[in-house]
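Single-structure report; data block below.
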Amino acid sequence: MQTQHLTATGIPAAPYTGAGLPANVPEHPDFLQPLPWTYGMRHRAQEILPGVFLGPFTLVRNREALSHLGITHAVAVRSAFETSYLKTVGHLDGIETLVLEAEESLAQNIITKTQAFREFINRARASRMHALAAVQSGQIAPSPLMVTAGTPAAAHLGITDEVAAQLQALGYAWSISGGTDVAPAGNVLVFDIDGVSRAPTFLIAYVMETYRLNYAQAMYYVQSRRYCVYPTKGFQHQLLELEPILAARQDQQAFVRSAEQAMQHKRGMMAHDPTESEMRPAKRAREHEEDE
């Protein structure tokens, strides 16, 4: 019998079911399949969305790994207390970094910071798509994780059997199975001190808004990729409060789109309707015929 874990709000945490997405999460091309979870995986990073990784702070110390993984963007979520010993955060060479200050406190407002997070992640994902297109067109070299040892491409990149084994271990450590979707740039690492509460909270909010999910659905999905995710009670309540805010924003966007479509339709109709000046010669001709 499988034990069901409950969050602080009474929403059940998503247990790994062995295959497929959690039952209440809709299918989407960006959604990855659940990962079998072991305790040691909390010290590694997991790919939550294509090119978007979530994990603890210790991962930023391995710059070679970041380079191999095409990590060119990072989001560091830290408290004021942690600033004193996370001095390297925000100064990662060659990595564009967004630093978000957030305390593990009931008074901490995270909703006001979600826009900056969303915009940063979207920029990173756009650069990832450009990088993948450049690989496909042959403009830049593929990620080492995409290259098979013993091929000409591997020789060109200096990937020996030993290096290939190291890359395989690296892919495992970051929960990457390999394949043509491993971009050589544009991947982003979202992290805090342990990758359990604050950083995941921002990523859950991003999933909610980007894919129009409620809190429970987004939480289920993120936990299916990193099971140790557990936002604090205060953050859970804020994510629940975010639901109506996003719903109202989406309704407003839908209204604006509908109004724009109606205006375009009206303009199209007016373009095909004869104007008064165009009708005047025909009207005069009819009046002339009637006089005769």
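In the structure tokens, chains take the letters A, B, ... in the order shown, each chain's residues start at 1, and ligands count up from 1 in the order shown.
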
Taking a cut-off of 10 Å and counting only C-alpha atoms, can you build a table that, for each residue of segment 31-149 of chain A near segment 165-188 of chain A, reports the nearest atom pair and how far apart they are in Å (one decimal), sorted by chain then residue number, as JSON lines?
```
{"residue": "A:Leu35", "atom": "CA", "partner": "A:Ser175", "partner_atom": "CA", "distance": 8.3}
{"residue": "A:Gly40", "atom": "CA", "partner": "A:Ala173", "partner_atom": "CA", "distance": 9.9}
{"residue": "A:Met41", "atom": "CA", "partner": "A:Ala173", "partner_atom": "CA", "distance": 7.9}
{"residue": "A:His43", "atom": "CA", "partner": "A:Ala173", "partner_atom": "CA", "distance": 8.9}
{"residue": "A:Arg44", "atom": "CA", "partner": "A:Ala173", "partner_atom": "CA", "distance": 5.8}
{"residue": "A:Ala45", "atom": "CA", "partner": "A:Trp174", "partner_atom": "CA", "distance": 4.7}
{"residue": "A:Gln46", "atom": "CA", "partner": "A:Ser175", "partner_atom": "CA", "distance": 5.1}
{"residue": "A:Glu47", "atom": "CA", "partner": "A:Ser175", "partner_atom": "CA", "distance": 6.3}
{"residue": "A:Ile48", "atom": "CA", "partner": "A:Ser175", "partner_atom": "CA", "distance": 9.5}
{"residue": "A:Pro50", "atom": "CA", "partner": "A:Asp181", "partner_atom": "CA", "distance": 7.8}
{"residue": "A:Gly51", "atom": "CA", "partner": "A:Asn187", "partner_atom": "CA", "distance": 4.5}
{"residue": "A:Val52", "atom": "CA", "partner": "A:Val188", "partner_atom": "CA", "distance": 5.1}
{"residue": "A:Phe53", "atom": "CA", "partner": "A:Val188", "partner_atom": "CA", "distance": 6.1}
{"residue": "A:Leu54", "atom": "CA", "partner": "A:Val188", "partner_atom": "CA", "distance": 8.6}
{"residue": "A:Gly55", "atom": "CA", "partner": "A:Trp174", "partner_atom": "CA", "distance": 8.9}
{"residue": "A:Leu59", "atom": "CA", "partner": "A:Trp174", "partner_atom": "CA", "distance": 9.5}
{"residue": "A:Ala65", "atom": "CA", "partner": "A:Leu170", "partner_atom": "CA", "distance": 7.1}
{"residue": "A:Leu66", "atom": "CA", "partner": "A:Asn187", "partner_atom": "CA", "distance": 9.3}
{"residue": "A:Ser67", "atom": "CA", "partner": "A:Pro184", "partner_atom": "CA", "distance": 8.4}
{"residue": "A:His68", "atom": "CA", "partner": "A:Pro184", "partner_atom": "CA", "distance": 7.5}
{"residue": "A:Leu69", "atom": "CA", "partner": "A:Pro184", "partner_atom": "CA", "distance": 6.7}
{"residue": "A:Gly70", "atom": "CA", "partner": "A:Ala185", "partner_atom": "CA", "distance": 4.2}
{"residue": "A:Ile71", "atom": "CA", "partner": "A:Asn187", "partner_atom": "CA", "distance": 4.6}
{"residue": "A:Thr72", "atom": "CA", "partner": "A:Gly186", "partner_atom": "CA", "distance": 5.4}
{"residue": "A:His73", "atom": "CA", "partner": "A:Val188", "partner_atom": "CA", "distance": 4.5}
{"residue": "A:Ala74", "atom": "CA", "partner": "A:Val188", "partner_atom": "CA", "distance": 5.1}
{"residue": "A:Val75", "atom": "CA", "partner": "A:Val188", "partner_atom": "CA", "distance": 7.5}
{"residue": "A:Ile95", "atom": "CA", "partner": "A:Val188", "partner_atom": "CA", "distance": 9.2}
{"residue": "A:Glu96", "atom": "CA", "partner": "A:Val188", "partner_atom": "CA", "distance": 9.2}
{"residue": "A:Thr97", "atom": "CA", "partner": "A:Val188", "partner_atom": "CA", "distance": 9.2}
{"residue": "A:Phe120", "atom": "CA", "partner": "A:Val188", "partner_atom": "CA", "distance": 9.5}
{"residue": "A:Ile121", "atom": "CA", "partner": "A:Val188", "partner_atom": "CA", "distance": 7.4}
{"residue": "A:Arg123", "atom": "CA", "partner": "A:Gly186", "partner_atom": "CA", "distance": 8.5}
{"residue": "A:Ala124", "atom": "CA", "partner": "A:Gly186", "partner_atom": "CA", "distance": 5.2}
{"residue": "A:Arg125", "atom": "CA", "partner": "A:Gly186", "partner_atom": "CA", "distance": 6.1}
{"residue": "A:Ala126", "atom": "CA", "partner": "A:Gly186", "partner_atom": "CA", "distance": 7.5}
{"residue": "A:Ser127", "atom": "CA", "partner": "A:Gly186", "partner_atom": "CA", "distance": 4.9}
{"residue": "A:Arg128", "atom": "CA", "partner": "A:Gly186", "partner_atom": "CA", "distance": 3.8}
{"residue": "A:Met129", "atom": "CA", "partner": "A:Gly186", "partner_atom": "CA", "distance": 7.6}
{"residue": "A:His130", "atom": "CA", "partner": "A:Gly186", "partner_atom": "CA", "distance": 8.2}
{"residue": "A:Ala131", "atom": "CA", "partner": "A:Ala185", "partner_atom": "CA", "distance": 5.9}
{"residue": "A:Leu132", "atom": "CA", "partner": "A:Ala183", "partner_atom": "CA", "distance": 5.5}
{"residue": "A:Ala133", "atom": "CA", "partner": "A:Ala183", "partner_atom": "CA", "distance": 9.3}
{"residue": "A:Ala134", "atom": "CA", "partner": "A:Pro184", "partner_atom": "CA", "distance": 9.7}
{"residue": "A:Val135", "atom": "CA", "partner": "A:Pro184", "partner_atom": "CA", "distance": 8.2}
{"residue": "A:Gln136", "atom": "CA", "partner": "A:Thr180", "partner_atom": "CA", "distance": 9.4}
{"residue": "A:Ile140", "atom": "CA", "partner": "A:Pro184", "partner_atom": "CA", "distance": 8.6}
{"residue": "A:Ala141", "atom": "CA", "partner": "A:Pro184", "partner_atom": "CA", "distance": 7.6}
{"residue": "A:Pro142", "atom": "CA", "partner": "A:Pro184", "partner_atom": "CA", "distance": 5.8}
{"residue": "A:Ser143", "atom": "CA", "partner": "A:Pro184", "partner_atom": "CA", "distance": 4.3}
{"residue": "A:Pro144", "atom": "CA", "partner": "A:Leu167", "partner_atom": "CA", "distance": 7.6}
{"residue": "A:Leu145", "atom": "CA", "partner": "A:Gly178", "partner_atom": "CA", "distance": 5.9}
{"residue": "A:Met146", "atom": "CA", "partner": "A:Gly179", "partner_atom": "CA", "distance": 5.6}
{"residue": "A:Val147", "atom": "CA", "partner": "A:Gly179", "partner_atom": "CA", "distance": 8.7}
{"residue": "A:Ala149", "atom": "CA", "partner": "A:Ala165", "partner_atom": "CA", "distance": 9.1}
```

I need the residues in segment 10-178 of chain A that are alpha helix (DSSP H) according to DSSP; give them as JSON, numbers by chain. {"A": [63, 64, 65, 66, 67, 68, 114, 115, 116, 117, 118, 119, 120, 121, 122, 123, 124, 125, 126, 127, 128, 129, 130, 131, 132, 133, 134, 135, 136, 152, 153, 154, 155, 156, 157, 161, 162, 163, 164, 165, 166, 167, 168, 169, 170, 171, 172, 173]}

Which residues of segment 106-197 of chain A come within 8 Å of segment 235-254 of chain A, and what is each one's closest atom pair and distance in Å (one decimal), counting only C-alpha atoms, sorted by chain and residue number, as JSON lines?
```
{"residue": "A:Leu106", "atom": "CA", "partner": "A:Phe235", "partner_atom": "CA", "distance": 7.5}
{"residue": "A:Asn109", "atom": "CA", "partner": "A:Gln238", "partner_atom": "CA", "distance": 7.8}
{"residue": "A:Ile110", "atom": "CA", "partner": "A:Gln238", "partner_atom": "CA", "distance": 7.5}
{"residue": "A:Ile111", "atom": "CA", "partner": "A:Gln238", "partner_atom": "CA", "distance": 7.2}
```

Output file for the selection above: N, CA, C and O atoms, as an mmCIF file, in the first residue's frame:
```cif
data_model
loop_
_atom_site.group_PDB
_atom_site.id
_atom_site.type_symbol
_atom_site.label_atom_id
_atom_site.label_comp_id
_atom_site.auth_asym_id
_atom_site.auth_seq_id
_atom_site.Cartn_x
_atom_site.Cartn_y
_atom_site.Cartn_z
ATOM 1 N N LEU A 106 6.615 33.756 6.772
ATOM 2 C CA LEU A 106 5.216 33.954 6.410
ATOM 3 C C LEU A 106 4.984 35.353 5.857
ATOM 4 O O LEU A 106 4.025 35.591 5.134
ATOM 5 N N ASN A 109 6.646 38.095 0.605
ATOM 6 C CA ASN A 109 5.761 38.154 -0.562
ATOM 7 C C ASN A 109 6.534 37.700 -1.783
ATOM 8 O O ASN A 109 7.512 38.331 -2.183
ATOM 9 N N ILE A 110 6.105 36.600 -2.388
ATOM 10 C CA ILE A 110 6.792 36.104 -3.590
ATOM 11 C C ILE A 110 6.051 36.470 -4.871
ATOM 12 O O ILE A 110 6.631 36.449 -5.954
ATOM 13 N N ILE A 111 4.760 36.811 -4.747
ATOM 14 C CA ILE A 111 3.966 37.114 -5.943
ATOM 15 C C ILE A 111 4.532 38.330 -6.675
ATOM 16 O O ILE A 111 4.545 38.382 -7.908
#
```
